[in-house]
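The structure under discussion appears below in the form of structure tokens.
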Amino acid sequence: LKDDGTSLSFSSDAHGVSPFASGADIKLVSAFEAGNNARVSLLGTSYALTNDGLKDSSLGRISSNVLQWTFHEQGVIRLKSFRHWDTSDPEMRKMQYYYVERQLQIEVELEEWVGDKWIPFVPDDAQFEARMIDPHIRLPMRSVEKGSSVLQCKFVFPDSIGVYTFAFDYRRAFYTHLTVTEVVAIRQKRQDAMDRLLVASYPYYATIFVTMAAWVSFTAIFVRQFGF
């Protein structure tokens, strides 16, 4: 929280000297949140924390919000569930591996601490990531039903096998940081799931049959010519 452009900060015992700070350089309230969700707040005056300051209509509201945020009574969210499964699986089982070119569904459910209880938290800027050097997939997550607290996304996995990291990383100002990762293997299709005839292989199929026909023709001509 910055001051306006006409403010000055100086010691009352040092008249006639340059001010310590002026204008927007004066920070009335400063707050910091570390990567481990530890919070620190600095107030420009200790009066804001006194009984008289807290009773003030505007200053008291700011001080109360700063205290609640600092001591994790506001802006605290948690991950209730993180699920993923193959949409063709009727049992919706969460697996440690999936196959290429299959559609996967990802679901995340969040909660926020408000007052004295946890309530559903539905952000509009959440994202899911499937990380590997190549490819690196990032998709937005949305609530599919009005009033639902479940965020989800669907995508078809590309034909690229490897070990992926499924990650949900939510970092927004004034909220605790949420990070969850799971390592999932993406495998090639099963042998019985492969296409029997590939369009790209038609020239090779044709080569085999042409070679067979040429050999039969050559044998017939040779036998007829020499009378064997």
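Going through the structure tokens in order, the chains are called A, B, and so on, while each chain numbers its residues from 1 and the ligands are numbered from 1 in the order shown.
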
_Selection: 10 Å around Ser30 of chain A, only C-alpha atoms, excl. self and same-chain fewer than 6 positions, as an NGL selection string_ = :A and (1-2 or 40-44 or 66)

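Excluding segment 83-91 of chain A itself and same-chain residues fewer than 6 positions from it, the residues having an atom within 6 Å of it are Gln103, Leu104, Gln105, Ile106 and Glu107 of chain A, counting only C-alpha atoms.
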
Kindly save the residues from that selection, with all heavy atoms included, as a PDB file, in the first residue's frame.
ATOM      1  N   GLN A 103      -7.608 -40.499 -24.641  1.00  0.00           N
ATOM      2  CA  GLN A 103      -8.102 -39.276 -24.009  1.00  0.00           C
ATOM      3  C   GLN A 103      -8.052 -39.418 -22.490  1.00  0.00           C
ATOM      4  O   GLN A 103      -8.579 -40.373 -21.924  1.00  0.00           O
ATOM      5  CB  GLN A 103      -9.531 -38.962 -24.457  1.00  0.00           C
ATOM      6  CG  GLN A 103     -10.033 -37.609 -23.939  1.00  0.00           C
ATOM      7  CD  GLN A 103     -11.465 -37.321 -24.342  1.00  0.00           C
ATOM      8  OE1 GLN A 103     -12.367 -38.064 -23.983  1.00  0.00           O
ATOM      9  NE2 GLN A 103     -11.681 -36.248 -25.094  1.00  0.00           N
ATOM     10  N   LEU A 104      -7.423 -38.456 -21.845  1.00  0.00           N
ATOM     11  CA  LEU A 104      -7.327 -38.437 -20.393  1.00  0.00           C
ATOM     12  C   LEU A 104      -8.174 -37.297 -19.831  1.00  0.00           C
ATOM     13  O   LEU A 104      -8.346 -36.264 -20.478  1.00  0.00           O
ATOM     14  CB  LEU A 104      -5.876 -38.252 -19.937  1.00  0.00           C
ATOM     15  CG  LEU A 104      -4.856 -39.282 -20.411  1.00  0.00           C
ATOM     16  CD1 LEU A 104      -3.505 -39.003 -19.780  1.00  0.00           C
ATOM     17  CD2 LEU A 104      -5.315 -40.684 -20.100  1.00  0.00           C
ATOM     18  N   GLN A 105      -8.681 -37.510 -18.647  1.00  0.00           N
ATOM     19  CA  GLN A 105      -9.445 -36.483 -17.944  1.00  0.00           C
ATOM     20  C   GLN A 105      -8.745 -36.182 -16.620  1.00  0.00           C
ATOM     21  O   GLN A 105      -8.380 -37.087 -15.879  1.00  0.00           O
ATOM     22  CB  GLN A 105     -10.887 -36.925 -17.692  1.00  0.00           C
ATOM     23  CG  GLN A 105     -11.733 -35.872 -16.974  1.00  0.00           C
ATOM     24  CD  GLN A 105     -13.211 -36.194 -17.007  1.00  0.00           C
ATOM     25  OE1 GLN A 105     -13.695 -36.797 -17.963  1.00  0.00           O
ATOM     26  NE2 GLN A 105     -13.942 -35.784 -15.990  1.00  0.00           N
ATOM     27  N   ILE A 106      -8.580 -34.896 -16.345  1.00  0.00           N
ATOM     28  CA  ILE A 106      -7.925 -34.429 -15.128  1.00  0.00           C
ATOM     29  C   ILE A 106      -8.947 -33.670 -14.295  1.00  0.00           C
ATOM     30  O   ILE A 106      -9.676 -32.822 -14.820  1.00  0.00           O
ATOM     31  CB  ILE A 106      -6.732 -33.510 -15.439  1.00  0.00           C
ATOM     32  CG1 ILE A 106      -5.870 -34.098 -16.569  1.00  0.00           C
ATOM     33  CG2 ILE A 106      -5.917 -33.245 -14.195  1.00  0.00           C
ATOM     34  CD1 ILE A 106      -5.230 -35.404 -16.241  1.00  0.00           C
ATOM     35  N   GLU A 107      -9.002 -33.959 -13.002  1.00  0.00           N
ATOM     36  CA  GLU A 107      -9.911 -33.262 -12.095  1.00  0.00           C
ATOM     37  C   GLU A 107      -9.159 -32.780 -10.863  1.00  0.00           C
ATOM     38  O   GLU A 107      -8.338 -33.507 -10.297  1.00  0.00           O
ATOM     39  CB  GLU A 107     -11.063 -34.168 -11.662  1.00  0.00           C
ATOM     40  CG  GLU A 107     -12.156 -34.313 -12.701  1.00  0.00           C
ATOM     41  CD  GLU A 107     -13.414 -34.957 -12.146  1.00  0.00           C
ATOM     42  OE1 GLU A 107     -13.410 -35.339 -10.960  1.00  0.00           O
ATOM     43  OE2 GLU A 107     -14.387 -35.103 -12.903  1.00  0.00           O
TER      44      GLU A 107
END

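Summary of the local environment: counting only C-alpha atoms, residues at most 12 Å from Pro158 of chain A, other than itself and those fewer than 3 positions away along its chain, are Tyr98, Tyr99, Val100, Glu101, Arg102, Gln103, Leu104, Ala130, Asp134, Pro135, His136, Ile137, Phe155, Ile161, Gly162, Tyr164, Ile186, Arg187, Gln188 and Lys189 of chain A.
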
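Distances from A:Ser149, A:Gln225, A:Ser64, A:Gln96 to Glu182 of chain A were compared using only C-alpha atoms, and the smallest one belongs to A:Gln96.
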
*asked:* If we count only C-alpha atoms and set the cut-off at 10 Å, which residues sit around segment 58-60 of chain A, ignoring sequence neighbours fewer than 6 positions away in its own chain? Please answer as an MDAnalysis selection string.
replied: chainID A and resid 47:52 66

*Could you please determine the separation between atom CA of Asn36 of chain A and atom CA of Lys80 of chain A in Å, to one decimal place?*
18.7 Å

*Can you list, as a ChimeraX atom specification, all residues belonging to chain A that DSSP tags as strand (DSSP E)?*
/A:8-9,21-22,29-33,39-43,77-86,97-99,103-114,117-121,127-131,137-140,142-143,150-156,162-170,178-187

*Contact residues around Pro123 of chain A with only C-alpha atoms at 10 Å, ignoring same-chain residues under 2 positions, as an NGL selection string*: :A and (110 or 120-121 or 125-127 or 141-143 or 149 or 151 or 170)

Generate a file of the selected residues that holds N, CA, C and O atoms, formatted as a JSON list (two decimals), in the first residue's frame.
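Once written, part11.json looks like this:
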[["chain", "number", "residue", "atom", "x", "y", "z"],
["A", 110, "LEU", "N", -10.46, -27.73, -5.06],
["A", 110, "LEU", "CA", -9.78, -26.86, -4.11],
["A", 110, "LEU", "C", -10.76, -26.37, -3.05],
["A", 110, "LEU", "O", -11.97, -26.32, -3.28],
["A", 120, "PRO", "N", -15.75, -24.46, -0.82],
["A", 120, "PRO", "CA", -15.20, -24.68, -2.16],
["A", 120, "PRO", "C", -14.57, -23.41, -2.72],
["A", 120, "PRO", "O", -15.08, -22.30, -2.53],
["A", 121, "PHE", "N", -13.46, -23.58, -3.41],
["A", 121, "PHE", "CA", -12.74, -22.48, -4.05],
["A", 121, "PHE", "C", -12.63, -22.79, -5.53],
["A", 121, "PHE", "O", -12.07, -23.81, -5.92],
["A", 125, "ASP", "N", -8.47, -19.17, -13.28],
["A", 125, "ASP", "CA", -7.17, -19.07, -13.93],
["A", 125, "ASP", "C", -6.27, -20.26, -13.59],
["A", 125, "ASP", "O", -5.04, -20.16, -13.65],
["A", 126, "ALA", "N", -6.86, -21.39, -13.24],
["A", 126, "ALA", "CA", -6.08, -22.59, -12.91],
["A", 126, "ALA", "C", -5.64, -23.29, -14.19],
["A", 126, "ALA", "O", -6.34, -23.26, -15.21],
["A", 127, "GLN", "N", -4.47, -23.94, -14.12],
["A", 127, "GLN", "CA", -3.93, -24.63, -15.28],
["A", 127, "GLN", "C", -3.35, -25.99, -14.87],
["A", 127, "GLN", "O", -2.88, -26.16, -13.74],
["A", 141, "MET", "N", -8.07, -25.13, -16.81],
["A", 141, "MET", "CA", -9.03, -25.97, -16.11],
["A", 141, "MET", "C", -10.26, -25.13, -15.78],
["A", 141, "MET", "O", -10.15, -24.01, -15.28],
["A", 142, "ARG", "N", -11.44, -25.69, -16.06],
["A", 142, "ARG", "CA", -12.68, -24.98, -15.87],
["A", 142, "ARG", "C", -13.68, -25.84, -15.11],
["A", 142, "ARG", "O", -13.60, -27.07, -15.14],
["A", 143, "SER", "N", -14.60, -25.18, -14.45],
["A", 143, "SER", "CA", -15.70, -25.87, -13.79],
["A", 143, "SER", "C", -16.76, -26.17, -14.84],
["A", 143, "SER", "O", -17.27, -25.25, -15.50],
["A", 149, "SER", "N", -17.54, -27.32, -7.60],
["A", 149, "SER", "CA", -16.20, -26.91, -7.17],
["A", 149, "SER", "C", -15.11, -27.72, -7.83],
["A", 149, "SER", "O", -13.93, -27.55, -7.52],
["A", 151, "LEU", "N", -12.73, -28.66, -10.85],
["A", 151, "LEU", "CA", -12.14, -28.15, -12.09],
["A", 151, "LEU", "C", -11.64, -29.34, -12.91],
["A", 151, "LEU", "O", -11.08, -30.29, -12.36],
["A", 170, "TYR", "N", -0.51, -23.76, -8.61],
["A", 170, "TYR", "CA", -1.35, -22.56, -8.51],
["A", 170, "TYR", "C", -0.63, -21.55, -7.62],
["A", 170, "TYR", "O", -0.48, -21.77, -6.41]]
